[in-house]
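Okay, run.cif is below, mmCIF, C-alpha atoms:
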data_upload
#
loop_
_atom_site.group_PDB
_atom_site.id
_atom_site.type_symbol
_atom_site.label_atom_id
_atom_site.label_comp_id
_atom_site.auth_asym_id
_atom_site.auth_seq_id
_atom_site.Cartn_x
_atom_site.Cartn_y
_atom_site.Cartn_z
ATOM 1 C CA ARG A 1 0.000 0.000 0.000
ATOM 2 C CA GLY A 2 2.810 2.369 -0.939
ATOM 3 C CA ARG A 3 2.971 6.067 -1.457
ATOM 4 C CA ARG A 4 1.096 7.910 -4.181
ATOM 5 C CA GLY A 5 3.210 9.317 -7.001
ATOM 6 C CA THR A 6 2.705 11.238 -10.240
ATOM 7 C CA ASN A 7 2.982 9.950 -13.774
ATOM 8 C CA ARG A 8 5.257 12.477 -15.441
ATOM 9 C CA ASN A 9 4.049 11.719 -18.946
ATOM 10 C CA SER A 10 0.326 12.132 -18.342
ATOM 11 C CA GLY A 11 0.385 14.437 -15.301
ATOM 12 C CA GLU A 12 -1.879 11.997 -13.504
ATOM 13 C CA THR A 13 -1.283 10.582 -10.045
ATOM 14 C CA ASP A 14 -0.636 6.856 -9.709
ATOM 15 C CA GLU A 15 -4.145 6.337 -8.370
ATOM 16 C CA GLN A 16 -5.664 8.270 -11.259
ATOM 17 C CA CYS A 17 -3.776 6.051 -13.668
ATOM 18 C CA VAL A 18 -5.085 3.010 -11.826
ATOM 19 C CA MET A 19 -8.617 4.408 -11.955
ATOM 20 C CA ASN A 20 -8.333 4.616 -15.741
ATOM 21 C CA GLN A 21 -7.233 0.990 -15.935
ATOM 22 C CA ILE A 22 -9.437 -0.833 -13.424
ATOM 23 C CA SER A 23 -12.192 -3.176 -14.517
ATOM 24 C CA ALA A 24 -15.805 -2.192 -15.007
ATOM 25 C CA GLN A 25 -16.632 -4.288 -11.960
ATOM 26 C CA HIS A 26 -14.182 -2.326 -9.852
ATOM 27 C CA LYS A 27 -15.500 0.957 -11.214
ATOM 28 C CA ALA A 28 -19.042 -0.069 -10.329
ATOM 29 C CA LYS A 29 -17.907 -0.929 -6.807
ATOM 30 C CA TRP A 30 -16.124 2.422 -6.548
ATOM 31 C CA GLU A 31 -19.302 4.250 -7.522
ATOM 32 C CA GLU A 32 -21.223 2.292 -4.899
ATOM 33 C CA ILE A 33 -18.690 3.187 -2.200
ATOM 34 C CA ILE A 34 -18.555 6.928 -2.928
ATOM 35 C CA ALA A 35 -22.354 7.083 -3.124
ATOM 36 C CA ARG A 36 -22.510 6.206 0.570
ATOM 37 C CA PRO A 37 -22.977 9.048 3.054
ATOM 38 C CA TYR A 38 -19.854 10.467 4.654
ATOM 39 C CA ALA A 39 -19.984 8.220 7.718
ATOM 40 C CA GLY A 40 -20.536 5.142 5.566
ATOM 41 C CA GLN A 41 -17.436 5.946 3.512
ATOM 42 C CA CYS A 42 -15.420 6.426 6.699
ATOM 43 C CA LYS A 43 -16.542 3.078 8.065
ATOM 44 C CA TRP A 44 -15.668 1.370 4.779
ATOM 45 C CA VAL A 45 -12.097 2.661 4.915
ATOM 46 C CA LEU A 46 -11.679 2.026 8.646
ATOM 47 C CA ASN A 47 -12.947 -1.537 8.241
ATOM 48 C CA GLY A 48 -10.492 -2.293 5.477
ATOM 49 C CA PHE A 49 -7.480 -0.564 7.019
ATOM 50 C CA TRP A 50 -8.081 -0.945 10.745
ATOM 51 C CA PRO A 51 -4.532 -2.064 11.651
ATOM 52 C CA GLU A 52 -3.113 1.029 9.961
ATOM 53 C CA LEU A 53 -5.825 3.533 10.899
ATOM 54 C CA SER A 54 -7.008 2.416 14.348
ATOM 55 C CA THR A 55 -4.980 5.203 15.977
ATOM 56 C CA HIS A 56 -6.430 7.758 13.556
ATOM 57 C CA GLY A 57 -10.091 7.134 14.371
ATOM 58 C CA GLU A 58 -10.621 10.534 15.965
ATOM 59 C CA ASP A 59 -8.976 12.291 13.034
ATOM 60 C CA VAL A 60 -11.275 10.470 10.608
ATOM 61 C CA TRP A 61 -14.268 11.315 12.820
ATOM 62 C CA LYS A 62 -13.285 14.988 12.869
ATOM 63 C CA ALA A 63 -12.822 15.063 9.106
ATOM 64 C CA CYS A 64 -16.259 13.501 8.652
ATOM 65 C CA GLN A 65 -17.840 16.159 10.879
ATOM 66 C CA ASP A 66 -16.095 18.836 8.808
ATOM 67 C CA PHE A 67 -17.515 17.377 5.593
ATOM 68 C CA ILE A 68 -20.999 17.329 7.141
ATOM 69 C CA GLN A 69 -20.635 20.888 8.414
ATOM 70 C CA LEU A 70 -19.648 22.186 4.985
ATOM 71 C CA ASP A 71 -22.308 20.248 3.082
ATOM 72 C CA GLU A 72 -25.041 22.813 3.611
ATOM 73 C CA ALA A 73 -27.530 21.084 1.319
ATOM 74 C CA ARG A 74 -27.353 17.460 2.423
ATOM 75 C CA LYS A 75 -25.403 17.487 5.699
ATOM 76 C CA ALA A 76 -24.921 13.926 7.014
ATOM 77 C CA CYS A 77 -26.736 12.487 3.988
ATOM 78 C CA GLY A 78 -24.189 13.988 1.601
ATOM 79 C CA ASN A 79 -21.326 12.075 0.006
ATOM 80 C CA CYS A 80 -19.019 14.660 -1.612
ATOM 81 C CA LEU A 81 -18.070 18.341 -1.741
ATOM 82 C CA ASP A 82 -17.590 20.515 -4.797
ATOM 83 C CA GLU A 83 -14.291 22.292 -5.379
ATOM 84 C CA PHE A 84 -15.270 25.444 -3.476
ATOM 85 C CA TRP A 85 -16.207 23.543 -0.322
ATOM 86 C CA SER A 86 -13.311 21.133 -0.787
ATOM 87 C CA HIS A 87 -10.995 24.133 -0.499
ATOM 88 C CA LYS A 88 -12.772 25.115 2.731
ATOM 89 C CA LEU A 89 -12.457 21.552 3.971
ATOM 90 C CA LEU A 90 -8.697 21.630 3.645
ATOM 91 C CA GLU A 91 -8.642 24.910 5.562
ATOM 92 C CA LEU A 92 -10.677 23.341 8.380
ATOM 93 C CA GLN A 93 -8.178 20.504 8.414
ATOM 94 C CA GLY A 94 -5.403 23.018 9.022
ATOM 95 C CA ASN A 95 -4.149 22.958 5.436
ATOM 96 C CA ALA A 96 -4.832 26.493 4.184
ATOM 97 C CA GLN A 97 -3.743 26.930 0.572
ATOM 98 C CA THR A 98 -3.749 29.501 -2.179
ATOM 99 C CA VAL A 99 -6.044 28.888 -5.133
ATOM 100 C CA VAL A 100 -3.113 27.673 -7.233
ATOM 101 C CA GLN A 101 -1.913 25.343 -4.478
ATOM 102 C CA PHE A 102 -5.412 24.017 -3.950
ATOM 103 C CA ARG A 103 -5.875 23.210 -7.628
ATOM 104 C CA GLU A 104 -2.717 21.130 -7.529
ATOM 105 C CA THR A 105 -3.815 19.383 -4.342
ATOM 106 C CA MET A 106 -7.326 18.809 -5.670
ATOM 107 C CA ARG A 107 -5.864 17.268 -8.818
ATOM 108 C CA SER A 108 -4.197 14.680 -6.597
ATOM 109 C CA ILE A 109 -7.305 14.065 -4.499
ATOM 110 C CA ASP A 110 -9.893 13.872 -7.292
ATOM 111 C CA ILE A 111 -8.877 10.459 -8.606
ATOM 112 C CA ASP A 112 -12.121 9.889 -10.530
ATOM 113 C CA PHE A 113 -11.961 13.297 -12.285
ATOM 114 C CA ASN A 114 -15.462 14.499 -11.340
ATOM 115 C CA LYS A 115 -14.261 17.793 -9.794
ATOM 116 C CA LYS A 116 -15.595 16.737 -6.420
ATOM 117 C CA MET A 117 -14.037 15.394 -3.235
ATOM 118 C CA SER A 118 -15.664 12.342 -1.703
ATOM 119 C CA MET A 119 -14.865 11.247 1.820
ATOM 120 C CA VAL A 120 -13.058 8.195 0.464
ATOM 121 C CA GLU A 121 -10.923 10.278 -1.892
ATOM 122 C CA PHE A 122 -9.909 12.512 1.008
ATOM 123 C CA LEU A 123 -8.938 9.492 3.112
ATOM 124 C CA ILE A 124 -7.013 7.909 0.237
ATOM 125 C CA PHE A 125 -5.088 11.162 -0.153
ATOM 126 C CA GLN A 126 -4.659 11.747 3.581
ATOM 127 C CA TYR A 127 -3.376 8.264 4.395
ATOM 128 C CA LYS A 128 -1.738 7.431 1.039
ATOM 129 C CA LEU A 129 -3.928 4.425 0.332
ATOM 130 C CA LYS A 130 -4.254 2.537 -2.941
ATOM 131 C CA VAL A 131 -7.599 2.825 -4.683
ATOM 132 C CA VAL A 132 -7.762 -0.880 -5.557
ATOM 133 C CA ASP A 133 -7.066 -1.795 -1.923
ATOM 134 C CA VAL A 134 -9.882 0.506 -0.872
ATOM 135 C CA ILE A 135 -12.308 -0.995 -3.375
ATOM 136 C CA ASN A 136 -11.393 -4.503 -2.213
ATOM 137 C CA ALA A 137 -11.273 -3.567 1.479
ATOM 138 C CA PRO A 138 -12.692 -6.400 3.644
ATOM 139 C CA GLN A 139 -15.815 -5.392 5.550
ATOM 140 C CA GLY A 140 -16.090 -8.186 8.097
ATOM 141 C CA GLU A 141 -18.379 -11.165 8.266
ATOM 142 C CA ASN A 142 -20.736 -10.019 11.007
ATOM 143 C CA ARG A 143 -23.103 -7.839 8.994
ATOM 144 C CA GLU A 144 -26.216 -9.210 10.680
ATOM 145 C CA GLU A 145 -24.921 -8.326 14.130
ATOM 146 C CA LEU A 146 -23.755 -4.919 12.882
ATOM 147 C CA ASP A 147 -27.156 -4.208 11.373
ATOM 148 C CA LYS A 148 -28.690 -5.030 14.740
ATOM 149 C CA ALA A 149 -26.134 -2.816 16.470
ATOM 150 C CA GLN A 150 -26.891 0.020 14.055
ATOM 151 C CA LYS A 151 -30.592 -0.327 14.855
ATOM 152 C CA MET A 152 -29.837 -0.150 18.581
ATOM 153 C CA VAL A 153 -27.657 2.933 18.089
ATOM 154 C CA ASP A 154 -30.419 4.520 16.012
ATOM 155 C CA ASP A 155 -32.926 3.730 18.794
ATOM 156 C CA ALA A 156 -30.553 5.329 21.286
ATOM 157 C CA GLN A 157 -30.333 8.381 19.044
ATOM 158 C CA THR A 158 -34.129 8.609 18.990
ATOM 159 C CA ALA A 159 -34.203 8.348 22.769
ATOM 160 C CA VAL A 160 -31.574 11.078 23.098
ATOM 161 C CA VAL A 161 -33.453 13.372 20.693
ATOM 162 C CA ASP A 162 -36.583 12.853 22.781
ATOM 163 C CA LEU A 163 -34.582 13.569 25.934
ATOM 164 C CA VAL A 164 -33.156 16.790 24.514
ATOM 165 C CA LYS A 165 -36.661 17.976 23.635
ATOM 166 C CA LYS A 166 -38.010 17.109 27.074
ATOM 167 C CA LEU A 167 -35.061 18.791 28.785
ATOM 168 C CA GLU A 168 -35.757 21.928 26.764
ATOM 169 C CA ASP A 169 -39.455 21.710 27.654
ATOM 170 C CA ALA A 170 -38.531 21.360 31.326
ATOM 171 C CA LYS A 171 -36.177 24.328 31.083
ATOM 172 C CA VAL A 172 -38.830 26.508 29.460
ATOM 173 C CA SER A 173 -41.573 25.506 31.892
ATOM 174 C CA ALA A 174 -39.264 25.986 34.883
ATOM 175 C CA ALA A 175 -38.485 29.509 33.701
ATOM 176 C CA ALA A 176 -42.205 30.128 33.175
ATOM 177 C CA ALA A 177 -42.922 28.904 36.690
ATOM 178 C CA VAL A 178 -40.333 31.259 38.168
ATOM 179 C CA LYS A 179 -41.762 34.160 36.192
ATOM 180 C CA ALA A 180 -45.322 33.299 37.244
ATOM 181 C CA GLU A 181 -44.240 33.076 40.871
ATOM 182 C CA GLN A 182 -42.588 36.488 40.631
ATOM 183 C CA GLU A 183 -45.741 37.935 39.081
ATOM 184 C CA ALA A 184 -47.848 36.382 41.855
ATOM 185 C CA LYS A 185 -45.578 37.927 44.481
ATOM 186 C CA ALA A 186 -45.783 41.318 42.791
ATOM 187 C CA ALA A 187 -49.576 41.013 42.656
ATOM 188 C CA LEU A 188 -49.671 40.132 46.358
ATOM 189 C CA ASP A 189 -47.465 43.110 47.184
ATOM 190 C CA GLU A 190 -49.794 45.378 45.214
ATOM 191 C CA LEU A 191 -52.835 43.891 46.961
ATOM 192 C CA ARG A 192 -51.292 44.494 50.373
ATOM 193 C CA ALA A 193 -50.445 48.060 49.400
ATOM 194 C CA GLN A 194 -54.046 48.719 48.289
ATOM 195 C CA GLU A 195 -55.423 47.069 51.433
ATOM 196 C CA GLU A 196 -53.160 49.234 53.556
ATOM 197 C CA ALA A 197 -54.220 52.360 51.653
ATOM 198 C CA TYR A 198 -57.880 51.371 52.118
ATOM 199 C CA ALA A 199 -57.427 50.754 55.839
ATOM 200 C CA THR A 200 -55.604 54.068 56.249
ATOM 201 C CA LYS A 201 -58.387 55.937 54.462
ATOM 202 C CA ILE A 202 -61.062 54.310 56.659
ATOM 203 C CA ALA A 203 -59.129 55.126 59.824
ATOM 204 C CA ASP A 204 -58.734 58.732 58.671
ATOM 205 C CA LEU A 205 -62.460 59.093 57.921
ATOM 206 C CA GLU A 206 -63.429 57.469 61.232
ATOM 207 C CA LYS A 207 -61.287 59.994 63.020
ATOM 208 C CA LYS A 208 -62.762 62.910 61.059
ATOM 209 C CA SER A 209 -66.297 61.662 61.721
ATOM 210 C CA GLN A 210 -65.667 62.144 65.428
ATOM 211 C CA GLU A 211 -63.882 65.496 65.349
ATOM 212 C CA GLY A 212 -64.600 69.025 64.218
ATOM 213 C CA SER A 213 -67.899 70.675 63.432
ATOM 214 C CA ILE A 214 -71.146 68.791 62.953
ATOM 215 C CA VAL A 215 -71.035 69.526 59.231
ATOM 216 C CA ALA A 216 -67.505 68.168 58.950
ATOM 217 C CA ARG A 217 -68.360 65.097 61.042
ATOM 218 C CA ASN A 218 -71.451 64.363 58.954
ATOM 219 C CA ARG A 219 -69.536 64.785 55.723
ATOM 220 C CA ALA A 220 -66.832 62.392 56.966
ATOM 221 C CA ALA A 221 -69.467 59.907 58.196
ATOM 222 C CA ASN A 222 -71.208 59.899 54.808
ATOM 223 C CA GLU A 223 -67.942 59.386 52.965
ATOM 224 C CA LEU A 224 -66.971 56.634 55.413
ATOM 225 C CA ALA A 225 -70.228 54.803 54.741
ATOM 226 C CA GLN A 226 -69.656 55.026 50.996
ATOM 227 C CA VAL A 227 -66.073 53.756 51.282
ATOM 228 C CA LYS A 228 -67.155 50.811 53.455
ATOM 229 C CA SER A 229 -70.023 49.877 51.144
ATOM 230 C CA GLU A 230 -67.698 48.798 48.326
ATOM 231 C CA ASP A 231 -63.980 48.279 47.837
ATOM 232 C CA PRO A 232 -62.424 51.032 45.730
ATOM 233 C CA LEU A 233 -61.543 50.186 42.122
ATOM 234 C CA PRO A 234 -57.765 49.933 42.705
ATOM 235 C CA LEU A 235 -58.340 47.440 45.522
ATOM 236 C CA ARG A 236 -60.833 45.401 43.486
ATOM 237 C CA ARG A 237 -58.416 45.320 40.575
ATOM 238 C CA ALA A 238 -55.555 44.266 42.876
ATOM 239 C CA LYS A 239 -57.626 41.411 44.346
ATOM 240 C CA LEU A 240 -58.578 40.119 40.910
ATOM 241 C CA THR A 241 -55.028 40.416 39.589
ATOM 242 C CA GLN A 242 -53.676 38.568 42.614
ATOM 243 C CA GLN A 243 -56.188 35.744 42.243
ATOM 244 C CA VAL A 244 -55.355 35.300 38.567
ATOM 245 C CA ALA A 245 -51.613 35.446 39.271
ATOM 246 C CA VAL A 246 -51.879 32.773 41.967
ATOM 247 C CA LYS A 247 -53.797 30.426 39.676
ATOM 248 C CA ARG A 248 -51.333 31.039 36.868
ATOM 249 C CA SER A 249 -48.411 30.366 39.194
ATOM 250 C CA GLU A 250 -49.962 27.152 40.501
ATOM 251 C CA LYS A 251 -50.595 25.951 36.947
ATOM 252 C CA ALA A 252 -47.071 26.839 35.846
ATOM 253 C CA THR A 253 -45.582 25.049 38.849
ATOM 254 C CA LEU A 254 -47.565 21.903 38.099
ATOM 255 C CA GLN A 255 -46.454 22.022 34.454
ATOM 256 C CA ALA A 256 -42.827 22.495 35.471
ATOM 257 C CA LYS A 257 -42.997 19.488 37.808
ATOM 258 C CA ALA A 258 -44.643 17.380 35.098
ATOM 259 C CA ASP A 259 -42.026 18.357 32.517
ATOM 260 C CA GLU A 260 -39.220 17.688 34.980
ATOM 261 C CA ALA A 261 -40.634 14.238 35.695
ATOM 262 C CA ALA A 262 -40.992 13.538 31.965
ATOM 263 C CA ALA A 263 -37.379 14.588 31.404
ATOM 264 C CA GLU A 264 -36.220 12.246 34.158
ATOM 265 C CA VAL A 265 -38.095 9.354 32.560
ATOM 266 C CA ALA A 266 -36.624 10.240 29.151
ATOM 267 C CA ALA A 267 -33.126 10.420 30.669
ATOM 268 C CA ASP A 268 -33.519 6.951 32.177
ATOM 269 C CA LYS A 269 -34.767 5.607 28.843
ATOM 270 C CA ALA A 270 -31.913 7.224 26.917
ATOM 271 C CA GLN A 271 -29.362 5.913 29.400
ATOM 272 C CA ALA A 272 -30.806 2.409 29.167
ATOM 273 C CA SER A 273 -30.758 2.540 25.357
ATOM 274 C CA LEU A 274 -27.155 3.724 25.307
ATOM 275 C CA ASP A 275 -26.083 1.056 27.804
ATOM 276 C CA GLU A 276 -27.866 -1.682 25.881
ATOM 277 C CA ALA A 277 -26.255 -0.616 22.601
ATOM 278 C CA GLN A 278 -22.808 -0.368 24.205
ATOM 279 C CA GLN A 279 -23.085 -3.818 25.778
ATOM 280 C CA PHE A 280 -24.156 -5.345 22.484
ATOM 281 C CA LEU A 281 -21.294 -3.646 20.640
ATOM 282 C CA ASP A 282 -18.825 -4.982 23.226
ATOM 283 C CA LYS A 283 -20.224 -8.458 22.633
ATOM 284 C CA VAL A 284 -19.977 -8.158 18.848
ATOM 285 C CA LYS A 285 -16.469 -6.741 19.114
ATOM 286 C CA SER A 286 -15.304 -9.807 21.028
ATOM 287 C CA GLN A 287 -16.415 -12.118 18.210
ATOM 288 C CA GLY A 288 -14.342 -13.122 15.201
ATOM 289 C CA GLY A 289 -14.672 -11.642 11.737
ATOM 290 C CA VAL A 290 -15.518 -8.256 13.172
ATOM 291 C CA ALA A 291 -15.708 -5.061 11.102
ATOM 292 C CA GLN A 292 -13.651 -3.077 13.595
ATOM 293 C CA GLY A 293 -14.224 0.226 11.837
ATOM 294 C CA ASP A 294 -17.993 -0.119 12.116
ATOM 295 C CA ILE A 295 -17.729 -1.077 15.779
ATOM 296 C CA TRP A 296 -15.452 1.854 16.591
ATOM 297 C CA TRP A 297 -17.690 4.270 14.696
ATOM 298 C CA LEU A 298 -20.875 3.106 16.415
ATOM 299 C CA GLN A 299 -19.208 3.333 19.806
ATOM 300 C CA ARG A 300 -17.987 6.829 18.929
ATOM 301 C CA GLU A 301 -21.564 7.799 18.043
ATOM 302 C CA LEU A 302 -22.723 6.501 21.430
ATOM 303 C CA THR A 303 -20.045 8.597 23.140
ATOM 304 C CA GLU A 304 -21.298 11.673 21.290
ATOM 305 C CA LYS A 305 -24.911 10.974 22.226
ATOM 306 C CA ALA A 306 -24.017 10.410 25.891
ATOM 307 C CA LYS A 307 -22.899 14.048 26.100
ATOM 308 C CA TYR A 308 -26.584 15.069 26.077
ATOM 309 C CA LEU A 309 -27.420 13.068 29.187
ATOM 310 C CA PRO A 310 -27.924 14.970 32.451
ATOM 311 C CA ARG A 311 -24.993 14.446 34.765
ATOM 312 C CA LYS A 312 -26.990 12.424 37.259
ATOM 313 C CA ALA A 313 -27.979 10.032 34.504
ATOM 314 C CA LYS A 314 -24.430 9.256 33.426
#
Could you render the structure as structure tokens?
Amino acid sequence: RGRRGTNRNSGETDEQCVMNQISAQHKAKWEEIIARPYAGQCKWVLNGFWPELSTHGEDVWKACQDFIQLDEARKACGNCLDEFWSHKLLELQGNAQTVVQFRETMRSIDIDFNKKMSMVEFLIFQYKLKVVDVINAPQGENREELDKAQKMVDDAQTAVVDLVKKLEDAKVSAAAAVKAEQEAKAALDELRAQEEAYATKIADLEKKSQEGSIVARNRAANELAQVKSEDPLPLRRAKLTQQVAVKRSEKATLQAKADEAAAEVAADKAQASLDEAQQFLDKVKSQGGVAQGDIWWLQRELTEKAKYLPRKAK
């Protein structure tokens, strides 16, 4: 699996020359490989070259995430980048180049001459692999177990997505409950202020109704009777506002508790799904004929998903 060189006569790289000479069957297999989404291409290469690339798993993972980030149209479902985004990809990988330098680099990477960079082409270039070796890369004999593992990882992903939503719901409802409680407190403070103002006014009129001239006392007595007959508008409004605020606060508190409980249930479910998938992957990994790249990739996905779990659930 030697180094890639350049054919001086044609200006093509060794792998481009090979691509021009391989069989139709190999070309068909190549097309099938590069049509896979980015992660699928990574797993293909890691499976076939695990002894050489096992220590580069994180680098391959990072490169895959960069491809996905730059593929604005298809994201994780994409399989290649055009020349513009390929240039950006190299920059993200710490390989900033001028336009002229990039064109030369891209000429070496684009071994099938379609002016695009697939994940596989990047990995062939990055790790100096041979295209025929990549096409013929062994993929393990445990596809049934891997398909089951993939399903379990997908189920764990679904559980984590549900958890993230419920955690966000709990966060929003908790904030709403705090706000409603603050509004209820403000309404209570306003009610107390109006009650105090009402009591002060009554005390003042009672005092006036007992002092001064008869005319003044009668006037104060009449006003006192009117005040006592019905709460003033500000006090009535304060009572109503406080009642509504209390009910709203109670409702918000109940919703916050319900959402918190739902999030806890979702966290337990997500944790159980992740644990189940991890245990199954460990079992598959211990068996013979294992596609080590697939196993590593699925375990790496589980690690990424576990980051969304609440600390107490880890």
- Message: What would the selection look like, as a list in words, if the PyMOL selection byres ((chain A and resi 257) around 12) were run on the coordinates I just shared?
- Response: Asp169, Ala170, Lys171, Val172, Ser173, Ala174, Ala175, Ala176, Ala177, Glu250, Lys251, Ala252, Thr253, Leu254, Gln255, Ala256, Ala258, Asp259, Glu260, Ala261, Ala262, Ala263 and Glu264 of chain A
- Query: How many Å lie between CA of Lys208 in chain A and CA of Asn222 in chain A, rounded to one decimal?
  - Reply: 10.9 Å
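For the choices A:Glu195, A:Glu168, A:Glu32, A:Glu144, the atom-to-atom distance to Pro310 in chain A is smallest for A:Glu168 when using only C-alpha atoms.
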- Task: Pick out the closest residue to Val60 in chain A from this set: A:Arg143, A:Lys283, A:Arg300, A:Lys179. Count only C-alpha atoms.
- Result: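 Smallest separation from Val60 in chain A among the options: A:Arg300.
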- Task: Could you tell me which residues the PyMOL selection byres ((chain A and resi 224) around 12) returns for this structure, as a count of residues only?
- Result: 27
- Task: List the residues selected by the PyMOL selection byres ((chain A and resi 137) around 10) in the file shown, writing them as a PyMOL selection string.
- Result: chain A and resi 44-49+131-136+138-140
Shell of 6 Å around range 35-40 of chain A, all atoms listed in the file, local chain residues under 6 positions omitted, as an mmCIF file with C-alpha atoms, in the frame of the given file:
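Okay, this is what ended up in selection.cif:
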data_model
loop_
_atom_site.group_PDB
_atom_site.id
_atom_site.type_symbol
_atom_site.label_atom_id
_atom_site.label_comp_id
_atom_site.auth_asym_id
_atom_site.auth_seq_id
_atom_site.Cartn_x
_atom_site.Cartn_y
_atom_site.Cartn_z
ATOM 1 C CA CYS A 77 -26.736 12.487 3.988
ATOM 2 C CA GLY A 78 -24.189 13.988 1.601
ATOM 3 C CA ASN A 79 -21.326 12.075 0.006
ATOM 4 C CA MET A 119 -14.865 11.247 1.820
#
- Message: Taking 4 positions as the minimum chain separation for residues in the same chain, which residues sit within 12 Å of Gln279 in chain A when counting all atoms listed in the file? Answer as a ChimeraX atom specification.
- Response: /A:149,152-153,272-275,283-286,295,298-299,302
With C-alpha atoms retained, export the selected residues as a compact mmCIF listing (two decimals), in the frame of the given file.
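Saved the output as again-v5.txt:
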# COMPACT_ATOMS: atom_id res chain seq x y z
CA ALA A 149 -26.13 -2.82 16.47
CA MET A 152 -29.84 -0.15 18.58
CA VAL A 153 -27.66 2.93 18.09
CA ALA A 272 -30.81 2.41 29.17
CA SER A 273 -30.76 2.54 25.36
CA LEU A 274 -27.16 3.72 25.31
CA ASP A 275 -26.08 1.06 27.80
CA LYS A 283 -20.22 -8.46 22.63
CA VAL A 284 -19.98 -8.16 18.85
CA LYS A 285 -16.47 -6.74 19.11
CA SER A 286 -15.30 -9.81 21.03
CA ILE A 295 -17.73 -1.08 15.78
CA LEU A 298 -20.88 3.11 16.42
CA GLN A 299 -19.21 3.33 19.81
CA LEU A 302 -22.72 6.50 21.43
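The space between CA of Lys305 in chain A and CA of Val161 in chain A spans 9.0 Å.
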- Task: Can you work out the spacing between CA of Ile34 in chain A and CA of Val120 in chain A in Å, to one decimal?
- Result: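 Going from CA of Ile34 in chain A over to CA of Val120 in chain A, I get 6.6 Å.
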Given the point (-8.6, 20.8, 3.6) in the coordinates of this file, which residues lie within 10 Å, counting only C-alpha atoms, and how would they look as a PDB file with C-alpha atoms, in the coordinates of the input?
ATOM      1  CA  ALA A  63     -12.822  15.063   9.106  1.00  0.00           C
ATOM      2  CA  ASP A  66     -16.095  18.836   8.808  1.00  0.00           C
ATOM      3  CA  PHE A  67     -17.515  17.377   5.593  1.00  0.00           C
ATOM      4  CA  TRP A  85     -16.207  23.543  -0.322  1.00  0.00           C
ATOM      5  CA  SER A  86     -13.311  21.133  -0.787  1.00  0.00           C
ATOM      6  CA  HIS A  87     -10.995  24.133  -0.499  1.00  0.00           C
ATOM      7  CA  LYS A  88     -12.772  25.115   2.731  1.00  0.00           C
ATOM      8  CA  LEU A  89     -12.457  21.552   3.971  1.00  0.00           C
ATOM      9  CA  LEU A  90      -8.697  21.630   3.645  1.00  0.00           C
ATOM     10  CA  GLU A  91      -8.642  24.910   5.562  1.00  0.00           C
ATOM     11  CA  LEU A  92     -10.677  23.341   8.380  1.00  0.00           C
ATOM     12  CA  GLN A  93      -8.178  20.504   8.414  1.00  0.00           C
ATOM     13  CA  GLY A  94      -5.403  23.018   9.022  1.00  0.00           C
ATOM     14  CA  ASN A  95      -4.149  22.958   5.436  1.00  0.00           C
ATOM     15  CA  ALA A  96      -4.832  26.493   4.184  1.00  0.00           C
ATOM     16  CA  GLN A  97      -3.743  26.930   0.572  1.00  0.00           C
ATOM     17  CA  PHE A 102      -5.412  24.017  -3.950  1.00  0.00           C
ATOM     18  CA  THR A 105      -3.815  19.383  -4.342  1.00  0.00           C
ATOM     19  CA  MET A 106      -7.326  18.809  -5.670  1.00  0.00           C
ATOM     20  CA  PHE A 122      -9.909  12.512   1.008  1.00  0.00           C
ATOM     21  CA  GLN A 126      -4.659  11.747   3.581  1.00  0.00           C
TER      22      GLN A 126
END
- Message: So that I can see what lies close to range 17-22 of chain A, please list as a list in words the residues with an atom at most 8 Å from it, counting all atoms listed in the file and leaving out residues fewer than 5 positions away in the same chain.
- Response: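 Close residues of range 17-22 of chain A: Asn7, Glu12, Lys27, Ile111, Asp112, Val131 and Val132 of chain A.
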Requested write-out: C-alpha atoms of the selected residues, as a compact mmCIF listing (two decimals), keeping the file's coordinate frame:
# COMPACT_ATOMS: atom_id res chain seq x y z
CA ASN A 7 2.98 9.95 -13.77
CA GLU A 12 -1.88 12.00 -13.50
CA LYS A 27 -15.50 0.96 -11.21
CA ILE A 111 -8.88 10.46 -8.61
CA ASP A 112 -12.12 9.89 -10.53
CA VAL A 131 -7.60 2.82 -4.68
CA VAL A 132 -7.76 -0.88 -5.56
- Task: Return the single residue from A:Ile33, A:Ala24, A:Ala180, A:Leu146 that is closest to Val290 in chain A, with distances computed using only C-alpha atoms.
- Result: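 Counting only C-alpha atoms, the residue closest to Val290 in chain A is A:Leu146.
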- Task: Could you give me, as a ChimeraX atom specification, the residues within 8 Å of Glu181 in chain A, counting all atoms listed in the file and dropping anything in the same chain fewer than 6 positions from it?
- Result: /A:245-246,249
- Item | Selection near Val244 in chain A, 12 Å with all atoms listed in the file, sequence-local residues under 3 positions removed, as a list in words |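 So the residues in contact are Ala180, Glu181, Glu183, Ala184, Lys185, Ala187, Leu188, Arg237, Ala238, Lys239, Leu240, Thr241, Lys247, Arg248, Ser249, Glu250 and Lys251 of chain A.
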Please report, as JSON, the centre and edge lengths in Å to one decimal of an axis-aligned box covering all listed atoms of range 40-52 of chain A with 4 Å per side.
{"center_x": -11.8, "center_y": 2.1, "center_z": 7.6, "size_x": 25.4, "size_y": 16.7, "size_z": 16.1}
- Task: Have a look at A:Phe113, A:Gln16, A:Asp162, A:Ser54 and name the one nearest to Ala291 in chain A; count all atoms listed in the file.
- Result: A:Ser54
